[in-house]
Structure formats: structure tokens, C-alpha cells
Protein chains: 2
Amino acid sequence: MISYEQLSRPELEAEYAVQKARFESFKERGLKLNIARGIPSTEQLELSMDMLDVCRDRADYIAEGTDTRCYGLVDGIPAAKRFFSEILGVSPESVIVGGNSSLNMMYDMMIRTKVFGIGGCEPWCRQPGKLKWICIVPGYDRHFAVSEEMGFELVPVKMLETGPDVDAIEELVKDPTVKGMWCIPKHSNPCGTTYTPETVKRLASLKPAAADFRIYWDNAYCVHDIYDDCMELVPIQPLAEAAGNPNMVIQFMSTSKMGFPGAGVACLSAGPEDVKAIRARIAIQTIGPDKMNMLRHIRYFKDLQGLKDHMKLHAELIRPKFETVLNVLDKEAGELSFVRWTRPRGGYFISLWVMPGTAKRTVELAAEGGVVLTPAGSTWPLKFDPEDSNIRIAPTKPGVEEITLAAELLGISLKLAALEKLLNR
Amino acid sequence: MISYEQLSRPELEAEYAVQKARFESFKERGLKLNIARGIPSTEQLELSMDMLDVCRDRADYIAEGTDTRCYGLVDGIPAAKRFFSEILGVSPESVIVGGNSSLNMMYDMMIRTKVFGIGGCEPWCRQPGKLKWICIVPGYDRHFAVSEEMGFELVPVKMLETGPDVDAIEELVKDPTVKGMWCIPKHSNPCGTTYTPETVKRLASLKPAAADFRIYWDNAYCVHDIYDDCMELVPIQPLAEAAGNPNMVIQFMSTSKMGFPGAGVACLSAGPEDVKAIRARIAIQTIGPDKMNMLRHIRYFKDLQGLKDHMKLHAELIRPKFETVLNVLDKEAGELSFVRWTRPRGGYFISLWVMPGTAKRTVELAAEGGVVLTPAGSTWPLKFDPEDSNIRIAPTKPGVEEITLAAELLGISLKLAALEKLLNR
């Protein structure tokens with residue numbers, strides 16, 4: 001292992017010269033690469049085009065007696081509820097199927113609770129003092145943005161190899177102003193962590209002081225394995241019920257990264273009291289979601305097994321891209337003591353930790369060299385990573401050749417940023 | 001004109017016996033008819049099935065360089081913004097295209113203002129005292145339900161033949177706790193009224209005391225003429241701008257009753273400051289609406305002229321149904337002084353006024369005879385019609401034969417209800 005800290009100044013200068021020369025030759029190529037957001041590639045979009053052919057005429061759009069082309073069924077068609085219930089390990093009655101965006105359903109859940117309350121509690125907007133929301137870090141910037149928008153003070157809790165630090169969470173929820181937490185329990189964004197059975201069980205068994213504390217369980221990557229040997233995620237709802245917390249968990253998911261990101265189907269699942277309350281509110285908000293798109297999805301994916309088979313096709317396309325990034329990083333930075341990264345078994349991201357204090361500069365250099373990365377800090381609440389160390393890599397969209405170049409430039413950039421820091425110290 | 005009030009008791013008894021006998025023979029037929037909700041018929045749904053074929057493969061889903069299958073474009077594809085801007089008489093920049101439900105967009109607009117405020121004002125949830133919302137009566141129950149849900153005191157204002165009673169509105173908006181009003185400016189639900197140019201101009205020129213007063217202009221029936229000679233609705237936004245109210249009006253519409261009610265495309269249009277603020281909030285709420293469905297709609301309807309041509313096909317199907325109701329009512333109740341109804345030139349409803357104090361009973365009798373109507377009172381806030389007189393008829397879904405029977409039974413029921421009242425007085 002090379003530790004830059006132990007190199008002499010002349011050695012650092014020499015290494016800097018080498019990397020700087022490589023960087024400049026990259027710059028001259030005028031690359032325009034982007035590994036910033038978790039976006040499926042065009043090839044992945046092509047995988048689902050047959051979905052657009054499964055419902056052709058009137059008869060195809062009748063589902064269990066309902067003409068899906070018309071109004072009604074505010075919480076979705078029964079077939080869609082069954083489909084999602086199998087994936088989430090819950091009863092169909094607990095499922096509300098919505099529009100195309102699970103983020104929208106999370107936002108609506110939060111603003112609804114802010115205005116109307118939940119669990120028999122006062123609406124958050126009428127509860128005095130600053131309310132708090134637990135954010136696992138590194139985490140998903142759009143989650144954080146929703147809870148920031150709602151006025152929460154975001155409390156970061158560290159992601160461990162087993163999932164979030166439950167010891168810390170158990171302490172935090174003793175505070176009645178702590179109202180909830182974001183979780184991405186499988187192939188988490190950005191670490192790729194799947195919560196262990198023990199972690200899921202402990203989260204399901206939390207004893208929050210607030211009766212309106214809710215875990216927002218965003219199962220965004222529930223079937224997004226890229227290897228066959230992935231750890232299964234234990235369904236949380238039965239554990240929560242067994243622990244006397246039937247309404248504590250609200251699950252969310254969507255088909256965005258299974259079919260079409262711009263035109264998928266999202267859902268939530270909640271405990272028996274909550275789901276009744278949510279359904280009554282939604283019945284005021286809308287006459288119903290897009291049931292034609294819902295039916296196309298269900299007819300196409302069929303069931304959990306059908307979906308898993310389909311996701312293997314995605315995995316075939318994604319796996320080489322992840323492996324490319326990992327191989328290049330191994331080569332570029334495998335020897336460096338101050339750099340580490342995850343080796344995810346699924347999901348959409350690789351999480352990279354560079355020398356503390358150099359993440360922003362690394363991203364800046366990469367941009368100068370022609371590669372757009374997620375802004376450093378994005379994986380932390382308020383976009384502020386106190387160690388300025390974590391960078392999210394999203395390698396699914398570009399081709400392998402582009403990813404090779406992007407990863408190499410990222411390797412050079414993180415070294416240059418570290419060397420700049422050491423030489424200027 | 002017959003006036004039941006002037007008949008002698010024996011004459012009333014005789015008339016009661018006649019209508020009662022007719023009612024009983026209807027009852028024996030065991031009819032199950034429904035003219036309760038404004039729902040397109042199956043034949044109308046069939047009109048748009050070709051829409052499902054206009055985008056077939058990858059190339060079809062690329063719109064001006066954007067792959068609509070993927071994430072992005074939080075306020076809709078440019079082609080959809082242009083399409084709706086032409087219909088609403090606004091600039092494309094002022095349009096935000098959303099999911100399938102305009103009601104959902106109105107609800108979101110309202111809850112957003114409640115939590116975050118608009119026009120530089122405090123959020124409604126932090127403004128002291130009971131806030132008020134103007135409701136034109138008779139009006140749309142789902143509108144009323146949204147403003148009730150948000151905690152507003154609903155202030156009814158009468159619908160006149162020219163649109164709402166603007167004199168009353170001009171007075172009401174001097175109260176800074178009056179925050180807005182619902183309008184369905186063309187073929188209004190349930191009266192079928194199109195606001196006159198003078199009414200639109202006066203509404204656009206209101207001088208509300210509250211800087212966060214907004215007109216929710218629900219242009220739900222903007223192209224839903226059933227005759228060729230309909231009065232045009234004057235676009236309100238240019239008038240509002242000319243009157244110094246660039247942000248006072250928020251327009252809403254959807255394609256629900258043009259294509260598929262369960263899978264349409266909705267939008268809003270707002271003034272320059274508002275639309276910027278709304279877009280920023282929505283960018284936190286979602287990554288974007290269903291652009292594939294959006295593109296299918298635009299490719300199919302093309303533009304305002306294309307849409308109008310398509311709506312003529314709807315009109316052909318709807319017109320005979322409206323005329324059936326009107327003919328039967330003329331025959332059944334044309335001579336009765338205490339009954340009146342609208343003769344709409346478009347939209348989805350006929351509004352009927354029966355003898356005061358008998359609307360509920362009329363609806364009850366009709367149900368007993370086999371015809372489901374919208375519950376009496378639904379056209380008023382809190383479902384309470386103080387005169388118990390207004391009934392909404394929605395004749396679009398059933399066939400002409402069924403509508404003939406339903407209208408006849410309605411005629412008998414309203415007479416029976418009136419006679420019961422007079423005989424028991």
C-alpha cells in the first residue's frame with residue numbers, strides 16, 4: 001500500500017508531475033462523459049419495449065371487470081396490488097398503487113402528515129419546535145431534499161457494512177421530535193449495502209417515543225441484483241407487526257428501473273390504520289392513477305418470478321459496467337491507503353471515499369477533464385459532507401468504453417487532488 | 001303551466017295516484033341505471049384507441065432529442081407545453097404538464113400553498129384565523145371536497161346565466177382572509193354555463209385584498225362543445241395581465257374526457273412568478289411525469305384543431321343523450337311551474353331544480369325505482385344545498401334507451417316528491 005503521507009516532498013512532486021501530465025493529455029481529448037445519475041442505458045430501455053404491445057384493444061384493457069381506460073379505483077387495480085404485495089412481502093390490502101413516481105408518493109406522504117398528521121397525532125406543522133428526521137449517510141440526495149423541504153432538521157447516521165448504525169438510531173428515537181427516517185434497504189444508494197436480517201429485525205423493533213415516527217422504507221432496488229448470489233432482504237413488515245409496530249413502516253417502490261424510468265408504476269404499502277387513513281386522503285386528491293399503464297406493466301412482468309427473470313437481462317447489461325469501474329479503480333488506486341470504494345452486488349452505484357478534504361476538488365478536476373460526477377457532498381444532508389470525502393459513481397448509462405475512460409480520469413483526479421492537498425499543506 | 005300549489009287536495013290526490021302507479025310499474029321492472037357521474041361511454045373510449053399505436057418503437061419515443069422513456073423534464077416535454085398553451089391561450093413557458101389528473105394538480109397546488117405560501121405571503125397554515133374559499137353554486141363536489149380538506153370555510157356564490165355573480169365576488173375579495181375561488185369557466189359543472197366575456201374580464205380585474213388570492217380556473221370542458229354554435233371562452237390570462245394581476249389566475253385542464261379518463265395528461269398554467277415557484281417545488285416532489293403517455297397524446301391530437309376535430313366525434317355520441325333527457329323532461333315536467341333545468345351546449349351535465357325541499361326525496365325515489373343519481377346536495381359545499389332543490393344529471397355513460405327510462409323515472413320521482421310534500425303540509 002502506498003501512503004502519500006509518507007512520501008517525501010520530491011517524491012510527491014514527481015508523482016504530481018506524472019499524474020498532471022496524464023490529466024492534461026485527457027483534457028486535450030475534449031471528452032464529454034457523465035457518470036452522475038443512476039439512469040438506465042438505452043439498451044436497458046429497449047428490454048421492455050414489448051410491454052407496449054401487451055394491451056392492444058378494448059378487451060385487453062379490461063381487468064377483472066374494470067375498464068382501466070375509465071375513471072376509478074383510487075388505489076390501483078387489484079392485479080397491481082397483488083403484484084406489488086408479493087414483491088414487498090405484504091398483503092394486497094396494504095398496497096396503494098399510484099402514478100409513475102415513488103418519490104412523489106414519499107413526498108405526498110410527508111406533506112400529508114405535515115398537514116393532517118398520522119397515528120392520531122397532531123399534524124407536524126402544528127407540533128412545536130424543530131422536528132428531526134434521520135438520514136443514513138452516505139445516502140440519496142433526493143430523499144434528503146424532500147425532508148429538507150418539509151422543514152426537518154436532518155440527523156445523519158452512519159451506514160455500516162450491515163446497514164445503518166442501529167445503536168445510534170435506537171438512541172435517537174427516544175427523542176419524541178424524531179419523526180422518521182429514510183432507508184434504502186437493498187443495494188442502498190450510494191453504498192450498495194443490503195441490510196442484514198439482524199439490522200432489519202432491530203429496525204422493525206424500534207421503540208420510538210413519537211407515535212407518528214415512521215420508517216420510509218424505499219425498496220427502490222428490490223430486484224436489482226447484478227449477481228446471482230445476493231443476500232435476500234428480509235421483509236420488514238411481518239417483523240414490525242410481531243414487534244408491536246404494525247404502522248411504523250411505510251414501504252415504497254416503483255418499476256422505474258425495471259421498465260421505463262419516465263413511465264413506470266409506483267406504490268406504497270402501509271400498516272392497517274395508516275393505509276386506511278392514506279386511502280381516504282388520496283380519494284380527495286385524485287379520482288385515480290393511470291390504470292392502463294398499470295395493467296400493461298402487470299401483464300408484461302406477470303409476477304415476482306417474471307420480474308426477476310426480466311431483471312436478469314438488466315443485470316447482464318449493468319454488470320460489465322460495474323466491473324469496469326472496479327477494475328480501473330483497482331489499477332489506478334488499489335495501492336493507495338487513503339482511497340476505498342464499495343463492491344456492490346446490485347443497485348446503481350459505487351460509493352468512493354477519497355482523501356478527506358479532497359472530494360470537491362476531485363469532482364472539479366474530473367469535470368475539467370471531461371467527466372461529470374454527482375456533486376461532492378450530495379450524499380449528505382444539505383449537500384454538506386463534513387469530511388469532504390464521499391463521491392457517488394453511477395456507471396449504468398454510458399458504454400463500457402466511455403466508463404473505462406471516465407474511471408481512469410476519476411483515478412487520476414483523486415490522486416491529483418490528494419497531491420495538491422499534501423503539497424500545499 | 002301547471003302549479004301544483006294551486007291544485008285542490010282531491011286534484012293532488014288524483015295526480016299522486018297516477019304518478020304512484022307509474023312509479024310502481026317502473027319499480028317492477030327492476031332497472032339498474034346510473035346517471036350519477038360524468039363518465040364517458042365505452043363508445044367514447046373507443047374513439048381514442050388509435051392513440052395507443054402512434055408510438056411504436058424507440059424512434060417514436062424520442063421527442064425533440066429527449067428519450068421520453070427515461071427520467072427528466074420535470075414540467076413536461078416541450079411539445080406538450082406548446083399543445084396545452086395553445087388551448088389555454090397562454091405562453092408555453094407558463095405551462096407545467098403533470099400526470100393523469102388535473103384534480104391532483106389542483107390539490108397539490110393548494111396543499112403546497114398551505115405549507116409553503118405563494119406570492120411572498122406566509123403559508124396558509126401559519127396565517128391566523130379561519131381562511132375562506134369562494135365556491136360557485138351549484139358547483140363541482142370534488143372541488144369543494146379539496147378546499148374542505150384544506151380547512152377552508154367555503155363561501156357559496158350563485159351561478160348566474162352569465163357566469164358567477166361577480167358583484168358578490170368583488171365584495172368578498174375585499175376580505176383578506178378570502179384566498180381563492182373555484183371556477184369551471186366553460187360548460188360549467190353542473191350548470192353548463194360558459195362565462196361571458198364581460199364576466200371573464202371582471203374576474204380578471206378583481207382587486208383582492210390578499211396577495212395570495214388565486215382563481216383556480218379549471219378549464220375541464222374547454223373543447224367539450226356538443227353544438228357548433230357555442231360561445232367561445234375568452235382567455236383570461238391576457239386580461240389578468242392587462243389588469244395588473246399576472247399571477248392571480250392558475251389554469252388547470254386535462255385530456256381525461258378527450259382520450260382516456262383513467263390515463264390522460266393534465267397540466268396547469270400560472271403567472272410568471274408563480275410558475276417559477278411551482279416548478280421549483282415540483283422538482284423536489286418528483287423526477288418528472290409520464291412523458292411517454294404525454295408524447296402519445298400529443299402525437300395523436302397534434303394541436304388545437306386536431307383536438308377540436310376529435311371532440312366532434314365525442315359530440316356526436318353525447319348530443320343525442322343530452323337531447324333525450326331534455327325531451328323527456330319537457331314531456332314529463334315542461335308544464336310544471338316549480339321545475340326548471342339547464343339546456344347546456346356542451347360539457348357533461350344537466351342541472352335540474354326541483355321543488356325546494358324535495359331534491360333529496362326525489363333522488364331517494366329514483367334510487368328506489370332503479371336509477372342512481374348524484375346525491376342531492378352534492379353540488380353545494382359540505383354537500384348541503386340549503387334549498388334542497390338542485391340535482392345533477394350526468395347522461396353520457398348509458399345508452400339512449402336507458403337514458404330515456406332514467407329520465408322518465410326522474411320526472412315521475414320529482415313529481416311524486418313534490419306531491420308528497422304538498423299532501424303532507
# chains A, B, ... in the order shown; residues from 1 in each chain; ligands from 1
call {"tool": "residues_around", "arguments": {"residues": "Ala280 in chain B", "least_positions_apart": "5", "cutoff": "12 Å", "atoms": "only C-alpha atoms", "output": "list in words"}}
result
Ala145 and Glu149 of chain A; Val74, Asp75, Ile96, Arg112, Phe116, Glu273, Asp274, Val275, Gln285, Thr286 and Ile287 of chain B
call {"tool": "residues_around", "arguments": {"residues": "Ile35 in chain A", "least_positions_apart": "5", "cutoff": "6 Å", "atoms": "only C-alpha atoms", "output": "list of chain:residue names"}}
result
A:Leu373, A:Ala394, A:Pro395
call {"tool": "interface_residues", "arguments": {"of": "chain A", "to": "chain B", "cutoff": "7 Å", "atoms": "only C-alpha atoms", "output": "ChimeraX atom specification"}}
result
/A:68-71,100-101,103-104,107,145-146,260-263,284-286,288-292
call {"tool": "write_last_selection", "arguments": {"atoms": "C-alpha atoms", "output": "PDB file, in the first residue's frame"}}
result
ATOM      1  CA  THR A  68     -58.911   0.505 -16.968  1.00  0.00           C
ATOM      2  CA  ARG A  69     -59.381   3.211 -19.574  1.00  0.00           C
ATOM      3  CA  CYS A  70     -62.029   4.916 -17.475  1.00  0.00           C
ATOM      4  CA  TYR A  71     -62.111   6.616 -14.052  1.00  0.00           C
ATOM      5  CA  ASN A 100     -45.150   6.870 -12.116  1.00  0.00           C
ATOM      6  CA  SER A 101     -43.033   8.205  -9.268  1.00  0.00           C
ATOM      7  CA  LEU A 103     -40.506   9.857  -4.881  1.00  0.00           C
ATOM      8  CA  ASN A 104     -43.802  11.656  -5.467  1.00  0.00           C
ATOM      9  CA  TYR A 107     -43.252  13.498  -0.809  1.00  0.00           C
ATOM     10  CA  ALA A 145     -34.116  17.227  -0.309  1.00  0.00           C
ATOM     11  CA  VAL A 146     -37.711  16.164   0.441  1.00  0.00           C
ATOM     12  CA  PHE A 260     -39.276   2.788 -18.233  1.00  0.00           C
ATOM     13  CA  PRO A 261     -37.910   5.348 -15.746  1.00  0.00           C
ATOM     14  CA  GLY A 262     -40.144   8.043 -17.180  1.00  0.00           C
ATOM     15  CA  ALA A 263     -43.322   5.990 -17.271  1.00  0.00           C
ATOM     16  CA  ILE A 284     -59.831  13.627  -2.096  1.00  0.00           C
ATOM     17  CA  GLN A 285     -56.642  14.272  -4.055  1.00  0.00           C
ATOM     18  CA  THR A 286     -57.392  12.303  -7.221  1.00  0.00           C
ATOM     19  CA  GLY A 288     -57.356   7.586  -9.587  1.00  0.00           C
ATOM     20  CA  PRO A 289     -53.946   6.762 -11.059  1.00  0.00           C
ATOM     21  CA  ASP A 290     -53.167   5.704 -14.641  1.00  0.00           C
ATOM     22  CA  LYS A 291     -54.618   2.198 -14.691  1.00  0.00           C
ATOM     23  CA  MET A 292     -53.832   1.499 -18.360  1.00  0.00           C
TER      24      MET A 292
END
call {"tool": "residues_around", "arguments": {"residues": "Asp141 in chain A", "least_positions_apart": "2", "cutoff": "10 Å", "atoms": "only C-alpha atoms", "output": "list of chain:residue names"}}
result
A:Val137, A:Pro138, A:Gly139, A:His143, A:Phe144, A:Ala145, A:Val146, A:Asn189, A:Pro190, A:Thr374, A:Gly377, A:Ser378, A:Thr379, A:Trp380, A:Pro381, A:Leu382, A:Lys383
call {"tool": "residues_around", "arguments": {"residues": "Arg343 in chain B", "least_positions_apart": "3", "cutoff": "8 Å", "atoms": "only C-alpha atoms", "output": "list in words"}}
result
Gly192, Leu326 and Ile350 of chain B
call {"tool": "select_by_dssp", "arguments": {"residues": "range 196-277 of chain B", "states": "strand (DSSP E or B)", "output": "number ranges by chain"}}
result
B: 214-218, 225, 249-254, 266-269
call {"tool": "write_last_selection", "arguments": {"atoms": "C-alpha atoms", "output": "JSON list (two decimals), in the first residue's frame"}}
result
[["chain", "number", "residue", "atom", "x", "y", "z"],
["B", 214, "ARG", "CA", -55.80, 32.83, -6.56],
["B", 215, "ILE", "CA", -58.51, 31.92, -9.05],
["B", 216, "TYR", "CA", -58.36, 28.17, -9.74],
["B", 217, "TRP", "CA", -59.56, 28.24, -13.33],
["B", 218, "ASP", "CA", -60.44, 24.62, -14.06],
["B", 225, "ASP", "CA", -68.89, 21.61, -27.16],
["B", 249, "VAL", "CA", -55.08, 33.02, -12.13],
["B", 250, "ILE", "CA", -53.93, 29.40, -12.16],
["B", 251, "GLN", "CA", -55.43, 27.41, -15.00],
["B", 252, "PHE", "CA", -55.90, 23.65, -14.99],
["B", 253, "MET", "CA", -57.07, 21.16, -17.58],
["B", 254, "SER", "CA", -56.64, 17.56, -18.62],
["B", 266, "ALA", "CA", -53.10, 17.05, -17.00],
["B", 267, "CYS", "CA", -51.46, 20.45, -16.80],
["B", 268, "LEU", "CA", -51.52, 23.80, -15.08],
["B", 269, "SER", "CA", -50.58, 27.25, -16.23]]
call {"tool": "residues_around", "arguments": {"residues": "Cys135 in chain B", "least_positions_apart": "2", "cutoff": "7 Å", "atoms": "only C-alpha atoms", "output": "list of chain:residue names"}}
result
B:Trp133, B:Val137, B:Leu154, B:Val155, B:Pro156, B:Val157, B:Met181, B:Trp182
call {"tool": "atom_distance", "arguments": {"atom1": "CA of Tyr348 in chain B", "atom2": "CA of Thr396 in chain B"}}
result
6.7 Å
call {"tool": "decode", "arguments": {"residues": "range 34-65 of chain A", "atoms": "N, CA and C atoms", "output": "compact mmCIF listing (two decimals), in the first residue's frame"}}
result
# COMPACT_ATOMS: atom_id res chain seq x y z
N ASN A 34 -20.48 11.36 -18.63
CA ASN A 34 -21.34 11.66 -17.49
C ASN A 34 -21.63 10.38 -16.72
N ILE A 35 -21.15 10.33 -15.49
CA ILE A 35 -21.49 9.18 -14.62
C ILE A 35 -22.09 9.72 -13.32
N ALA A 36 -22.99 10.71 -13.49
CA ALA A 36 -23.51 11.45 -12.34
C ALA A 36 -24.80 10.86 -11.77
N ARG A 37 -25.71 10.37 -12.63
CA ARG A 37 -27.02 9.97 -12.09
C ARG A 37 -27.31 8.51 -12.43
N GLY A 38 -28.12 7.90 -11.59
CA GLY A 38 -28.47 6.49 -11.77
C GLY A 38 -29.53 6.30 -12.82
N ILE A 39 -29.08 6.30 -14.06
CA ILE A 39 -30.01 6.28 -15.19
C ILE A 39 -29.77 5.03 -16.02
N PRO A 40 -30.81 4.28 -16.33
CA PRO A 40 -30.62 3.10 -17.19
C PRO A 40 -30.13 3.52 -18.57
N SER A 41 -29.39 2.64 -19.20
CA SER A 41 -28.90 2.90 -20.56
C SER A 41 -30.01 2.68 -21.57
N THR A 42 -29.78 3.17 -22.78
CA THR A 42 -30.74 2.96 -23.85
C THR A 42 -30.99 1.47 -24.08
N GLU A 43 -29.94 0.66 -23.99
CA GLU A 43 -30.11 -0.78 -24.17
C GLU A 43 -31.07 -1.35 -23.12
N GLN A 44 -30.98 -0.82 -21.91
CA GLN A 44 -31.91 -1.29 -20.88
C GLN A 44 -33.35 -0.90 -21.20
N LEU A 45 -33.53 0.32 -21.73
CA LEU A 45 -34.88 0.75 -22.10
C LEU A 45 -35.47 -0.16 -23.18
N GLU A 46 -34.60 -0.59 -24.10
CA GLU A 46 -35.07 -1.45 -25.19
C GLU A 46 -35.61 -2.78 -24.67
N LEU A 47 -35.11 -3.22 -23.51
CA LEU A 47 -35.52 -4.52 -22.97
C LEU A 47 -37.02 -4.62 -22.76
N SER A 48 -37.68 -3.49 -22.52
CA SER A 48 -39.09 -3.53 -22.12
C SER A 48 -40.06 -3.07 -23.20
N MET A 49 -39.56 -2.88 -24.42
CA MET A 49 -40.45 -2.32 -25.44
C MET A 49 -41.66 -3.21 -25.74
N ASP A 50 -41.51 -4.51 -25.53
CA ASP A 50 -42.65 -5.39 -25.78
C ASP A 50 -43.82 -5.11 -24.83
N MET A 51 -43.52 -4.43 -23.73
CA MET A 51 -44.60 -4.07 -22.81
C MET A 51 -45.68 -3.24 -23.52
N LEU A 52 -45.24 -2.46 -24.50
CA LEU A 52 -46.16 -1.56 -25.19
C LEU A 52 -47.10 -2.31 -26.12
N ASP A 53 -46.86 -3.63 -26.26
CA ASP A 53 -47.71 -4.42 -27.16
C ASP A 53 -48.63 -5.38 -26.43
N VAL A 54 -48.54 -5.47 -25.11
CA VAL A 54 -49.34 -6.50 -24.43
C VAL A 54 -50.82 -6.15 -24.34
N CYS A 55 -51.15 -4.87 -24.42
CA CYS A 55 -52.56 -4.48 -24.42
C CYS A 55 -52.84 -3.75 -25.73
N ARG A 56 -53.65 -4.36 -26.56
CA ARG A 56 -53.85 -3.79 -27.89
C ARG A 56 -55.25 -3.20 -28.08
N ASP A 57 -56.25 -3.91 -27.66
CA ASP A 57 -57.61 -3.42 -27.91
C ASP A 57 -58.43 -3.40 -26.64
N ARG A 58 -59.70 -3.08 -26.82
CA ARG A 58 -60.59 -2.90 -25.70
C ARG A 58 -60.52 -4.04 -24.69
N ALA A 59 -60.64 -5.26 -25.17
CA ALA A 59 -60.70 -6.42 -24.27
C ALA A 59 -59.44 -6.50 -23.41
N ASP A 60 -58.30 -6.14 -24.01
CA ASP A 60 -57.03 -6.21 -23.26
C ASP A 60 -57.00 -5.25 -22.08
N TYR A 61 -57.79 -4.18 -22.17
CA TYR A 61 -57.74 -3.18 -21.11
C TYR A 61 -58.81 -3.39 -20.03
N ILE A 62 -59.55 -4.49 -20.14
CA ILE A 62 -60.48 -4.85 -19.08
C ILE A 62 -59.74 -5.76 -18.10
N ALA A 63 -59.71 -5.36 -16.86
CA ALA A 63 -59.00 -6.15 -15.84
C ALA A 63 -59.98 -6.52 -14.74
N GLU A 64 -60.25 -7.80 -14.63
CA GLU A 64 -61.19 -8.28 -13.61
C GLU A 64 -62.47 -7.44 -13.61
N GLY A 65 -63.00 -7.18 -14.79
CA GLY A 65 -64.27 -6.48 -14.90
C GLY A 65 -64.18 -4.97 -14.96
